[in-house]
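Take a look at the structure below.
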Amino acid sequence: MAETSHVDYSTKIPNNVGLMDDQRVLKALEQWHPGYIDWWMTMGPEGFQTSDVYLRTAISIDPKGWAKFDYVKMPEYRWGILLAPRDEERKVSFGAHKGEKAWQEVPGEYRAMLRRLIVVQGDTEPASVEQQRHLGKTAPSLYDMRNLFQVNVEEGRHLWAMVYLLHKYFGKDGREEAEQLLQRRSGDVDKPRMLGAFNEATPDWLSFFMFTFFTDRDGKMQLESLAQSGFDPLSRTCRFMLTEEAHHMFVGETGVGRAIERTCQAMKEAGIEDPYDVAAVRRLGVIDLPTIQKKANLHFTLSLDLFGSEVSTNAANYYNSGLKGRFQETRVEDDHVLTSVTYPVLKLVDSEIRMVEEPALTAINMRLRDDYVKDCQGGVSRWNKVIEKAGVKFALKLPSVAFHRHIGEFRNIEASPDGQLLSQGEWEKSKDQWLPSKEDGDYIESLMQPCWERGKFASWIAPPKVGIDNKPGDFEYVKIHNG
Ligand code: BYC
Ligand code: FE
Ligand code: FE
């Protein structure tokens, strides 16, 4: 085993897993590589494949110095396989195998379940790149364009991370799954991506920022719970992915925050007090706050669906088998077996939304989703500080978890954002107040004018507080060439 913190750049695929000494896996990955590049060229960022982009590349797993910044053409990005360091003493920390040594090989009895988890995780990564591929053309600045591409190449690396596990630990069926990951397409009716939210469009930059805030945050929560896995290689790869994930959520939170800041500033300058005077605010070329709320409602609820059903035997099996834990499992104070405890779950009972105690094991998805909602709330509160500081009377709010759902307890009912059950007629009448309407979409689209001059930003978004890698405000984050 040549597993070190040193990253080997001598193979085509940078890695710290000793690929040079593992010819079988190296060969399999080298065979997969051209298909990946082909996918990247056809489904990756459209129109910028020859541009020089100021990107960070993971070159080490040292938390203090893991990345380096430089201009790279995206197809030449060094997508590598990087696992967090191995802890020889690591134990399974939950479920029926609690206390056993963490597994370095796939436990035979859990092989299918584990493969399924890895494939689902792997499927989301290229899906998001596909969803975002057309956004470069309408980037509101070179800074934002660079952040988009950074997120995209890292999602590409996350696909590599899962494909490595499939090739290394799952033999022939692993190779087949890895191939399928390059075949499915976001939004395709015949071969869609696996999870709902990853087949939705990301039509504009506000959606992109909402997606990286809400949906990449589901990514964070899922990776956190897979990082707890008793299957050590999965745990280690997820731990390293989480280092990158933080930037994706930063892009989302600051992106929405900067749109809010610009709107409030424009309202102040124009003397507009009423945030609900949408027509007046839109005349200023900024996005009115009620529309930002609607976009948040949409992306939050699509992301809630990614947690699966509130009560799920799949989730119970994943946990009990030691494959997928809870958020910060090792810091939770309980028995980590959960066979004799309950957890409160919001359910639909006799046409009412009620809190019901369910066996904690089957409520694992609900628990992770609760932790997710708390994490989202933190960001929403920070956005509200921006609004408050500007002196505008408006506050963003996360809608009820019963609102606009397609998976789980509330999939067959309609509810308002404050959790009132509605008839189909009432829903149809009101839904355009709560979710982006065609008209809202058209307005936002009209704002999506590219702004590619160094140091300049589109009308609807404020500049960031600091540059990437401490670069000055007019830094040329992307040298477009092919413009
Ligand atoms: N859409 O027991 P249930 C990320 C299926 S994001 C479609 O309720 P379970 C990223 C389910 O598969 C993180 N189908 O759910 C972010 C099952 O099907 P089968 C991705 C859905 O299994 C941004 C059936 O319904 N990682 O990394 O407990 C950019 C009943 O399932 C959906 C993971 O998700 C849905 N939303 O939980 C880039 C981690 N929900 O088996 C990247 C791995 C459920 O009956 N995945 N179904 O055919 C899992 O842990 C679980 O599979 C889920 C679902 C949490 C997704
Ligand atoms: Fe990812
Ligand atoms: Fe991400």
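By convention here, the chains of the structure tokens are called A, B, ... in the order presented, each chain's residues are numbered starting at 1, and ligands are numbered starting at 1 in the order presented.
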* May I have the residues within 7 Å of ligand 1, computed using only C-alpha atoms and all ligand atoms, as an NGL selection string? => :A and (117-118 or 120-121 or 124-125 or 128 or 155 or 194-197 or 212 or 215-220 or 222-223 or 305-310 or 312-315 or 365 or 407-408)
Give me the chain A side of the contact with ligand 3, cut-off 12 Å, one line per residue showing its nearest atom pair and distance in Å at one decimal, counting only C-alpha atoms and all ligand atoms, sorted by chain and residue number, as a tab-separated table.
```
residue	atom	partner	partner_atom_place_in_ligand_line	distance
A:Gln121	CA	ligand 3	1 (Fe)	11.1
A:Gly122	CA	ligand 3	1 (Fe)	11.6
A:Thr124	CA	ligand 3	1 (Fe)	9.3
A:Glu125	CA	ligand 3	1 (Fe)	7.5
A:Pro126	CA	ligand 3	1 (Fe)	10.4
A:Ala127	CA	ligand 3	1 (Fe)	11.0
A:Ser128	CA	ligand 3	1 (Fe)	8.4
A:Val129	CA	ligand 3	1 (Fe)	9.9
A:Asn147	CA	ligand 3	1 (Fe)	11.7
A:Leu148	CA	ligand 3	1 (Fe)	10.8
A:Phe149	CA	ligand 3	1 (Fe)	11.7
A:Gln150	CA	ligand 3	1 (Fe)	10.0
A:Val151	CA	ligand 3	1 (Fe)	6.5
A:Asn152	CA	ligand 3	1 (Fe)	8.3
A:Val153	CA	ligand 3	1 (Fe)	9.9
A:Glu154	CA	ligand 3	1 (Fe)	7.3
A:Glu155	CA	ligand 3	1 (Fe)	5.9
A:Gly156	CA	ligand 3	1 (Fe)	9.7
A:Arg157	CA	ligand 3	1 (Fe)	10.2
A:His158	CA	ligand 3	1 (Fe)	8.3
A:Leu159	CA	ligand 3	1 (Fe)	10.8
A:Phe208	CA	ligand 3	1 (Fe)	11.6
A:Phe209	CA	ligand 3	1 (Fe)	11.7
A:Phe211	CA	ligand 3	1 (Fe)	9.5
A:Thr212	CA	ligand 3	1 (Fe)	6.9
A:Phe213	CA	ligand 3	1 (Fe)	9.4
A:Phe214	CA	ligand 3	1 (Fe)	10.3
A:Thr215	CA	ligand 3	1 (Fe)	8.0
A:Asp216	CA	ligand 3	1 (Fe)	4.6
A:Arg217	CA	ligand 3	1 (Fe)	7.6
A:Asp218	CA	ligand 3	1 (Fe)	9.0
A:Gly219	CA	ligand 3	1 (Fe)	6.2
A:Lys220	CA	ligand 3	1 (Fe)	7.5
A:Met221	CA	ligand 3	1 (Fe)	10.9
A:Gln222	CA	ligand 3	1 (Fe)	11.1
A:Leu223	CA	ligand 3	1 (Fe)	10.0
A:Cys238	CA	ligand 3	1 (Fe)	11.6
A:Met241	CA	ligand 3	1 (Fe)	8.5
A:Leu242	CA	ligand 3	1 (Fe)	8.5
A:Thr243	CA	ligand 3	1 (Fe)	10.1
A:Glu244	CA	ligand 3	1 (Fe)	7.4
A:Glu245	CA	ligand 3	1 (Fe)	4.9
A:Ala246	CA	ligand 3	1 (Fe)	8.0
A:His247	CA	ligand 3	1 (Fe)	8.0
A:His248	CA	ligand 3	1 (Fe)	5.3
A:Met249	CA	ligand 3	1 (Fe)	7.4
A:Phe250	CA	ligand 3	1 (Fe)	10.3
A:Val251	CA	ligand 3	1 (Fe)	10.0
A:Gly252	CA	ligand 3	1 (Fe)	10.2
```
Let's have the selection written as a CSV table (one decimal), in the first residue's frame, with N, CA and C atoms.
```
chain,number,residue,atom,x,y,z
A,121,GLN,N,-24.8,8.9,-5.1
A,121,GLN,CA,-23.9,10.1,-4.9
A,121,GLN,C,-23.2,10.5,-6.1
A,122,GLY,N,-22.7,9.5,-6.8
A,122,GLY,CA,-21.9,9.8,-8.1
A,122,GLY,C,-22.8,10.4,-9.1
A,124,THR,N,-25.3,12.5,-8.9
A,124,THR,CA,-25.6,13.9,-8.7
A,124,THR,C,-24.5,14.8,-9.2
A,125,GLU,N,-23.3,14.4,-9.2
A,125,GLU,CA,-22.1,15.3,-9.5
A,125,GLU,C,-22.1,15.7,-10.9
A,126,PRO,N,-22.1,14.8,-11.9
A,126,PRO,CA,-22.1,15.2,-13.3
A,126,PRO,C,-23.5,15.9,-13.6
A,127,ALA,N,-24.6,15.5,-13.0
A,127,ALA,CA,-25.9,16.1,-13.2
A,127,ALA,C,-25.8,17.6,-13.0
A,128,SER,N,-25.2,18.0,-11.9
A,128,SER,CA,-25.1,19.5,-11.7
A,128,SER,C,-24.3,20.2,-12.7
A,129,VAL,N,-23.3,19.6,-13.2
A,129,VAL,CA,-22.5,20.2,-14.3
A,129,VAL,C,-23.3,20.4,-15.5
A,147,ASN,N,-16.1,31.3,-10.5
A,147,ASN,CA,-16.6,30.5,-9.4
A,147,ASN,C,-17.5,29.4,-9.9
A,148,LEU,N,-18.3,29.7,-11.0
A,148,LEU,CA,-19.1,28.7,-11.6
A,148,LEU,C,-18.2,27.6,-12.1
A,149,PHE,N,-17.1,27.9,-12.8
A,149,PHE,CA,-16.3,26.9,-13.4
A,149,PHE,C,-15.5,26.1,-12.3
A,150,GLN,N,-15.2,26.8,-11.2
A,150,GLN,CA,-14.5,26.1,-10.1
A,150,GLN,C,-15.5,25.0,-9.5
A,151,VAL,N,-16.7,25.4,-9.3
A,151,VAL,CA,-17.7,24.5,-8.8
A,151,VAL,C,-17.8,23.3,-9.8
A,152,ASN,N,-17.9,23.6,-11.1
A,152,ASN,CA,-18.1,22.6,-12.1
A,152,ASN,C,-16.9,21.6,-12.1
A,153,VAL,N,-15.7,22.1,-12.1
A,153,VAL,CA,-14.6,21.1,-12.2
A,153,VAL,C,-14.5,20.3,-10.9
A,154,GLU,N,-14.9,20.9,-9.8
A,154,GLU,CA,-14.9,20.1,-8.5
A,154,GLU,C,-16.0,19.0,-8.5
A,155,GLU,N,-17.1,19.4,-9.1
A,155,GLU,CA,-18.2,18.3,-9.2
A,155,GLU,C,-17.7,17.2,-10.1
A,156,GLY,N,-16.9,17.6,-11.1
A,156,GLY,CA,-16.3,16.6,-12.0
A,156,GLY,C,-15.4,15.7,-11.1
A,157,ARG,N,-14.6,16.3,-10.3
A,157,ARG,CA,-13.7,15.5,-9.4
A,157,ARG,C,-14.5,14.6,-8.5
A,158,HIS,N,-15.6,15.1,-8.0
A,158,HIS,CA,-16.5,14.3,-7.1
A,158,HIS,C,-17.0,13.0,-7.9
A,159,LEU,N,-17.2,13.2,-9.1
A,159,LEU,CA,-17.6,12.0,-9.9
A,159,LEU,C,-16.4,11.0,-10.0
A,208,PHE,N,-28.8,29.5,-10.0
A,208,PHE,CA,-27.5,28.8,-9.7
A,208,PHE,C,-27.0,29.1,-8.3
A,209,PHE,N,-27.2,30.4,-7.8
A,209,PHE,CA,-26.8,30.7,-6.4
A,209,PHE,C,-27.7,30.0,-5.4
A,211,PHE,N,-29.2,27.2,-6.0
A,211,PHE,CA,-28.8,25.7,-6.1
A,211,PHE,C,-27.6,25.5,-5.2
A,212,THR,N,-26.6,26.3,-5.4
A,212,THR,CA,-25.3,26.0,-4.6
A,212,THR,C,-25.6,26.3,-3.1
A,213,PHE,N,-26.5,27.2,-2.8
A,213,PHE,CA,-26.8,27.3,-1.3
A,213,PHE,C,-27.6,26.1,-0.8
A,214,PHE,N,-28.7,25.8,-1.5
A,214,PHE,CA,-29.6,24.8,-1.0
A,214,PHE,C,-29.3,23.3,-1.4
A,215,THR,N,-28.9,23.1,-2.6
A,215,THR,CA,-28.8,21.8,-3.1
A,215,THR,C,-27.3,21.3,-2.8
A,216,ASP,N,-26.3,22.1,-3.0
A,216,ASP,CA,-25.0,21.7,-2.6
A,216,ASP,C,-25.0,21.5,-1.0
A,217,ARG,N,-25.9,22.1,-0.3
A,217,ARG,CA,-25.9,21.9,1.1
A,217,ARG,C,-26.5,20.5,1.4
A,218,ASP,N,-27.5,20.1,0.6
A,218,ASP,CA,-27.9,18.7,0.7
A,218,ASP,C,-26.6,17.8,0.5
A,219,GLY,N,-25.8,18.2,-0.5
A,219,GLY,CA,-24.6,17.4,-0.8
A,219,GLY,C,-23.7,17.4,0.5
A,220,LYS,N,-23.6,18.5,1.1
A,220,LYS,CA,-22.8,18.5,2.4
A,220,LYS,C,-23.4,17.6,3.4
A,221,MET,N,-24.7,17.6,3.6
A,221,MET,CA,-25.3,16.8,4.7
A,221,MET,C,-25.1,15.3,4.3
A,222,GLN,N,-25.3,14.9,3.0
A,222,GLN,CA,-25.2,13.5,2.6
A,222,GLN,C,-23.8,13.1,2.7
A,223,LEU,N,-22.8,14.0,2.3
A,223,LEU,CA,-21.4,13.6,2.4
A,223,LEU,C,-21.0,13.4,3.9
A,238,CYS,N,-15.2,10.9,1.2
A,238,CYS,CA,-16.2,12.0,1.5
A,238,CYS,C,-15.6,13.1,2.4
A,241,MET,N,-13.9,15.4,0.1
A,241,MET,CA,-14.9,16.1,-0.8
A,241,MET,C,-15.5,17.3,0.0
A,242,LEU,N,-15.7,17.1,1.3
A,242,LEU,CA,-16.3,18.1,2.1
A,242,LEU,C,-15.5,19.4,2.2
A,243,THR,N,-14.1,19.2,2.1
A,243,THR,CA,-13.3,20.4,2.0
A,243,THR,C,-13.6,21.3,0.8
A,244,GLU,N,-13.9,20.7,-0.3
A,244,GLU,CA,-14.2,21.4,-1.5
A,244,GLU,C,-15.7,22.0,-1.4
A,245,GLU,N,-16.5,21.2,-0.8
A,245,GLU,CA,-18.0,21.5,-0.8
A,245,GLU,C,-18.2,22.9,-0.1
A,246,ALA,N,-17.4,23.2,0.9
A,246,ALA,CA,-17.5,24.5,1.6
A,246,ALA,C,-17.5,25.7,0.6
A,247,HIS,N,-16.7,25.6,-0.4
A,247,HIS,CA,-16.6,26.7,-1.3
A,247,HIS,C,-17.9,26.8,-2.1
A,248,HIS,N,-18.5,25.7,-2.5
A,248,HIS,CA,-19.7,25.7,-3.3
A,248,HIS,C,-20.8,26.5,-2.5
A,249,MET,N,-20.9,26.2,-1.2
A,249,MET,CA,-22.0,26.9,-0.4
A,249,MET,C,-21.6,28.3,-0.2
A,250,PHE,N,-20.3,28.6,-0.2
A,250,PHE,CA,-19.9,30.0,-0.1
A,250,PHE,C,-20.4,30.8,-1.3
A,251,VAL,N,-20.2,30.1,-2.5
A,251,VAL,CA,-20.6,30.8,-3.8
A,251,VAL,C,-22.1,31.1,-3.7
A,252,GLY,N,-22.9,30.1,-3.2
A,252,GLY,CA,-24.3,30.3,-3.2
A,252,GLY,C,-24.7,31.4,-2.2
```
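Distances to ligand 2 were evaluated for A:Arg239, A:Lys456, A:His97, A:Lys295 using only C-alpha atoms and all ligand atoms, and the minimum falls at A:Arg239.
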* Can you check which residues of range 257-388 of chain A DSSP gives as alpha helix (DSSP H) on the backbone and send them as a ChimeraX atom specification? => /A:257-270,278-282,289-304,313-320,364-388
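Here the question is which of A:Ile13, A:Ala161, A:Val337, A:Ala139 gets nearest to ligand 2 using only C-alpha atoms and all ligand atoms, and that residue is A:Ala161.
Counting only C-alpha atoms, the residue from A:Trp452, A:Trp39, A:Phe300, A:Trp205 that sits nearest to Arg184 in chain A is A:Trp39.
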* To do: Write out as a PyMOL selection string which residues come within 10 Å of Phe475 in chain A when counting only C-alpha atoms, dropping same-chain ones fewer than 5 positions away.
  => chain A and resi 54+142-143+454-455+467-468+470
For the residues in the current selection, export N, CA and C atoms as an mmCIF file, in the first residue's frame.
```cif
data_model
loop_
_atom_site.group_PDB
_atom_site.id
_atom_site.type_symbol
_atom_site.label_atom_id
_atom_site.label_comp_id
_atom_site.auth_asym_id
_atom_site.auth_seq_id
_atom_site.Cartn_x
_atom_site.Cartn_y
_atom_site.Cartn_z
ATOM 1 N N TYR A 54 -8.806 30.919 -13.807
ATOM 2 C CA TYR A 54 -7.983 30.943 -12.596
ATOM 3 C C TYR A 54 -8.601 30.000 -11.551
ATOM 4 N N LEU A 142 -16.552 38.329 -14.415
ATOM 5 C CA LEU A 142 -15.525 37.299 -14.574
ATOM 6 C C LEU A 142 -15.311 36.551 -13.262
ATOM 7 N N TYR A 143 -15.468 37.275 -12.153
ATOM 8 C CA TYR A 143 -15.354 36.656 -10.828
ATOM 9 C C TYR A 143 -16.391 35.532 -10.682
ATOM 10 N N ARG A 454 -13.262 43.368 -16.994
ATOM 11 C CA ARG A 454 -12.556 43.196 -15.712
ATOM 12 C C ARG A 454 -13.083 44.177 -14.662
ATOM 13 N N GLY A 455 -13.394 43.636 -13.495
ATOM 14 C CA GLY A 455 -13.806 44.496 -12.383
ATOM 15 C C GLY A 455 -15.228 45.020 -12.468
ATOM 16 N N GLY A 467 -11.597 39.310 -3.206
ATOM 17 C CA GLY A 467 -11.406 38.489 -4.388
ATOM 18 C C GLY A 467 -11.030 37.061 -4.015
ATOM 19 N N ILE A 468 -11.009 36.197 -5.017
ATOM 20 C CA ILE A 468 -10.546 34.830 -4.826
ATOM 21 C C ILE A 468 -9.018 34.855 -4.711
ATOM 22 N N ASN A 470 -7.255 36.291 -2.715
ATOM 23 C CA ASN A 470 -6.857 37.675 -2.420
ATOM 24 C C ASN A 470 -6.496 38.515 -3.637
#
```
* Near Leu166 in chain A, counting only C-alpha atoms, which residues have an atom at most 8 Å away, once you skip same-chain residues fewer than 3 positions from it, shown as an NGL selection string? -> :A and (115 or 118 or 162-163 or 169-171 or 174-175 or 177-178)
* Spatial neighbours of Ser381 in chain A, 12 Å, only C-alpha atoms, chain gap at least 2 places, as number ranges by chain -> A: 253, 257, 374-379, 383-388, 394-398
For the residues in the current selection, export N, CA and C atoms as a CSV table (one decimal), in the first residue's frame.
```csv
chain,number,residue,atom,x,y,z
A,253,GLU,N,-24.2,31.3,-1.0
A,253,GLU,CA,-24.6,32.2,0.1
A,253,GLU,C,-24.2,33.6,-0.3
A,257,GLY,N,-26.6,36.7,-1.4
A,257,GLY,CA,-26.4,37.9,-0.5
A,257,GLY,C,-26.0,39.1,-1.3
A,374,LYS,N,-31.8,23.4,9.8
A,374,LYS,CA,-31.1,24.3,10.8
A,374,LYS,C,-29.9,25.0,10.1
A,375,ASP,N,-29.2,24.3,9.3
A,375,ASP,CA,-28.0,24.8,8.6
A,375,ASP,C,-28.5,25.9,7.6
A,376,CYS,N,-29.6,25.6,6.9
A,376,CYS,CA,-30.1,26.6,5.9
A,376,CYS,C,-30.6,27.8,6.6
A,377,GLN,N,-31.2,27.6,7.8
A,377,GLN,CA,-31.7,28.8,8.5
A,377,GLN,C,-30.6,29.8,8.9
A,378,GLY,N,-29.4,29.2,9.2
A,378,GLY,CA,-28.3,30.1,9.5
A,378,GLY,C,-28.0,31.0,8.4
A,379,GLY,N,-28.0,30.5,7.2
A,379,GLY,CA,-27.7,31.3,6.0
A,379,GLY,C,-28.8,32.3,5.7
A,383,TRP,N,-28.6,36.5,5.4
A,383,TRP,CA,-29.2,37.3,4.3
A,383,TRP,C,-30.1,38.4,4.9
A,384,ASN,N,-30.9,38.0,5.9
A,384,ASN,CA,-31.8,39.0,6.5
A,384,ASN,C,-31.0,40.1,7.2
A,385,LYS,N,-29.8,39.9,7.7
A,385,LYS,CA,-29.0,40.9,8.2
A,385,LYS,C,-28.6,42.0,7.2
A,386,VAL,N,-28.4,41.5,5.9
A,386,VAL,CA,-28.0,42.4,4.8
A,386,VAL,C,-29.2,43.3,4.6
A,387,ILE,N,-30.4,42.7,4.6
A,387,ILE,CA,-31.6,43.5,4.3
A,387,ILE,C,-31.8,44.6,5.5
A,388,GLU,N,-31.6,44.1,6.7
A,388,GLU,CA,-31.9,44.9,7.8
A,388,GLU,C,-30.9,46.1,7.9
A,394,PHE,N,-38.2,43.9,5.3
A,394,PHE,CA,-38.5,42.7,4.6
A,394,PHE,C,-37.6,41.6,5.2
A,395,ALA,N,-38.2,40.4,5.4
A,395,ALA,CA,-37.4,39.3,5.9
A,395,ALA,C,-37.7,38.1,5.1
A,396,LEU,N,-36.6,37.4,4.7
A,396,LEU,CA,-36.8,36.1,4.0
A,396,LEU,C,-37.1,35.0,5.0
A,397,LYS,N,-37.8,34.0,4.6
A,397,LYS,CA,-38.3,33.0,5.5
A,397,LYS,C,-38.3,31.6,4.8
A,398,LEU,N,-37.8,30.6,5.5
A,398,LEU,CA,-37.9,29.2,4.9
A,398,LEU,C,-39.4,28.8,5.0
```
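Separating CA of Asp432 in chain A from CA of Lys393 in chain A is a distance of 22.1 Å.
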I'd like the contact shell of range 33-37 of chain A - 10 Å cut-off, only C-alpha atoms, skipping same-chain residues fewer than 5 positions apart - returned as a PDB file with N, CA and C atoms, in the first residue's frame.
```pdb
ATOM      1  N   LYS A  12      -1.470   9.611 -15.172  1.00  0.00           N
ATOM      2  CA  LYS A  12      -2.395  10.529 -15.825  1.00  0.00           C
ATOM      3  C   LYS A  12      -3.404  11.059 -14.814  1.00  0.00           C
ATOM      4  N   ILE A  13      -3.640  10.249 -13.786  1.00  0.00           N
ATOM      5  CA  ILE A  13      -4.648  10.591 -12.799  1.00  0.00           C
ATOM      6  C   ILE A  13      -3.967  10.867 -11.458  1.00  0.00           C
ATOM      7  N   LYS A  27      -5.626   0.806 -14.871  1.00  0.00           N
ATOM      8  CA  LYS A  27      -6.062   0.501 -16.241  1.00  0.00           C
ATOM      9  C   LYS A  27      -7.544   0.788 -16.428  1.00  0.00           C
ATOM     10  N   ALA A  28      -8.332   0.346 -15.452  1.00  0.00           N
ATOM     11  CA  ALA A  28      -9.779   0.563 -15.549  1.00  0.00           C
ATOM     12  C   ALA A  28     -10.077   2.056 -15.614  1.00  0.00           C
ATOM     13  N   THR A  42     -18.718  17.600 -24.188  1.00  0.00           N
ATOM     14  CA  THR A  42     -20.060  17.780 -24.747  1.00  0.00           C
ATOM     15  C   THR A  42     -21.067  18.301 -23.718  1.00  0.00           C
ATOM     16  N   MET A  43     -20.877  17.944 -22.437  1.00  0.00           N
ATOM     17  CA  MET A  43     -21.855  18.328 -21.418  1.00  0.00           C
ATOM     18  C   MET A  43     -21.333  19.328 -20.399  1.00  0.00           C
ATOM     19  N   GLY A  44     -20.026  19.633 -20.433  1.00  0.00           N
ATOM     20  CA  GLY A  44     -19.453  20.601 -19.501  1.00  0.00           C
ATOM     21  C   GLY A  44     -19.686  22.021 -19.984  1.00  0.00           C
ATOM     22  N   PRO A  75     -10.540  21.545 -19.764  1.00  0.00           N
ATOM     23  CA  PRO A  75     -10.340  20.129 -20.121  1.00  0.00           C
ATOM     24  C   PRO A  75      -8.992  19.574 -19.655  1.00  0.00           C
ATOM     25  N   GLU A  76      -8.059  20.497 -19.297  1.00  0.00           N
ATOM     26  CA  GLU A  76      -6.757  20.037 -18.809  1.00  0.00           C
ATOM     27  C   GLU A  76      -6.663  20.034 -17.295  1.00  0.00           C
ATOM     28  N   PRO A 126     -22.097  14.792 -11.910  1.00  0.00           N
ATOM     29  CA  PRO A 126     -22.145  15.243 -13.304  1.00  0.00           C
ATOM     30  C   PRO A 126     -23.478  15.906 -13.632  1.00  0.00           C
ATOM     31  N   GLY A 156     -16.937  17.597 -11.120  1.00  0.00           N
ATOM     32  CA  GLY A 156     -16.310  16.576 -11.967  1.00  0.00           C
ATOM     33  C   GLY A 156     -15.376  15.694 -11.136  1.00  0.00           C
ATOM     34  N   LEU A 159     -17.247  13.191  -9.145  1.00  0.00           N
ATOM     35  CA  LEU A 159     -17.604  12.013  -9.933  1.00  0.00           C
ATOM     36  C   LEU A 159     -16.426  11.034  -9.963  1.00  0.00           C
ATOM     37  N   TRP A 160     -15.223  11.554 -10.206  1.00  0.00           N
ATOM     38  CA  TRP A 160     -14.030  10.707 -10.179  1.00  0.00           C
ATOM     39  C   TRP A 160     -13.915   9.955  -8.848  1.00  0.00           C
ATOM     40  N   ALA A 178     -20.051   2.739 -13.497  1.00  0.00           N
ATOM     41  CA  ALA A 178     -19.224   3.913 -13.826  1.00  0.00           C
ATOM     42  C   ALA A 178     -19.517   4.377 -15.242  1.00  0.00           C
ATOM     43  N   GLU A 179     -19.738   3.434 -16.121  1.00  0.00           N
ATOM     44  CA  GLU A 179     -20.079   3.759 -17.502  1.00  0.00           C
ATOM     45  C   GLU A 179     -21.446   4.446 -17.566  1.00  0.00           C
ATOM     46  N   LEU A 181     -22.818   6.216 -15.375  1.00  0.00           N
ATOM     47  CA  LEU A 181     -22.752   7.572 -14.826  1.00  0.00           C
ATOM     48  C   LEU A 181     -22.435   8.591 -15.915  1.00  0.00           C
ATOM     49  N   LEU A 182     -21.795   8.116 -17.000  1.00  0.00           N
ATOM     50  CA  LEU A 182     -21.495   9.010 -18.133  1.00  0.00           C
ATOM     51  C   LEU A 182     -22.607   9.002 -19.164  1.00  0.00           C
ATOM     52  N   GLN A 183     -23.563   8.080 -19.015  1.00  0.00           N
ATOM     53  CA  GLN A 183     -24.626   7.951 -20.014  1.00  0.00           C
ATOM     54  C   GLN A 183     -25.888   8.731 -19.664  1.00  0.00           C
TER      55      GLN A 183
END
```
How close does range 208-286 of chain A get to range 85-96 of chain A? List, as JSON lines, each residue of range 208-286 of chain A within 8 Å, its nearest atom pair and the distance in Å to one decimal, counting only C-alpha atoms.
```
{"residue": "A:Gln228", "atom": "CA", "partner": "A:Ser93", "partner_atom": "CA", "distance": 7.5}
{"residue": "A:Ser229", "atom": "CA", "partner": "A:Val92", "partner_atom": "CA", "distance": 7.3}
{"residue": "A:Gly230", "atom": "CA", "partner": "A:Val92", "partner_atom": "CA", "distance": 4.6}
{"residue": "A:Arg236", "atom": "CA", "partner": "A:Pro85", "partner_atom": "CA", "distance": 7.0}
```
So that I have them on file, write out the residues from the current selection with C-alpha atoms, as a PDB file, in the first residue's frame.
```pdb
ATOM      1  CA  GLN A 228     -19.382   8.365   8.970  1.00  0.00           C
ATOM      2  CA  SER A 229     -19.523   5.132   6.981  1.00  0.00           C
ATOM      3  CA  GLY A 230     -18.022   1.957   8.365  1.00  0.00           C
ATOM      4  CA  ARG A 236     -12.168   8.973   3.601  1.00  0.00           C
TER       5      ARG A 236
END
```
* Exercise: range 104-109 of chain A partners within 7 Å, only C-alpha atoms, chain neighbours under 3 positions left out, as an NGL selection string -> :A and (169 or 231-233)
Those residues you just picked out, can you put them in a file as a PDB file, in the first residue's frame with C-alpha atoms?
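And here's selection11.pdb as it stands now:
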```
ATOM      1  CA  TYR A 169     -14.166  -2.283  -4.979  1.00  0.00           C
ATOM      2  CA  PHE A 231     -16.700   1.344   4.843  1.00  0.00           C
ATOM      3  CA  ASP A 232     -13.504   3.296   5.349  1.00  0.00           C
ATOM      4  CA  PRO A 233     -12.627   4.199   1.724  1.00  0.00           C
TER       5      PRO A 233
END
```
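Among the candidates A:Gly285, A:Gly47, A:Pro399, A:Gly187, the residue lying nearest to Asn297 in chain A is A:Pro399 (atoms considered: only C-alpha atoms).
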* Secondary structure check, strand (DSSP E or B) residues of range 38-269 of chain A, as a ChimeraX atom specification -> /A:52-58,67-73,81,91,101,103,231
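If only C-alpha atoms and all ligand atoms are the atoms counted, then among A:Lys429, A:Phe240, A:Glu352, A:Ala390 the closest residue to ligand 2 is A:Phe240.
Minimum atom-to-atom distance to His336 in chain A, evaluated using only C-alpha atoms, belongs to A:Lys98 out of A:Arg193, A:Ala266, A:Lys98, A:Glu453.
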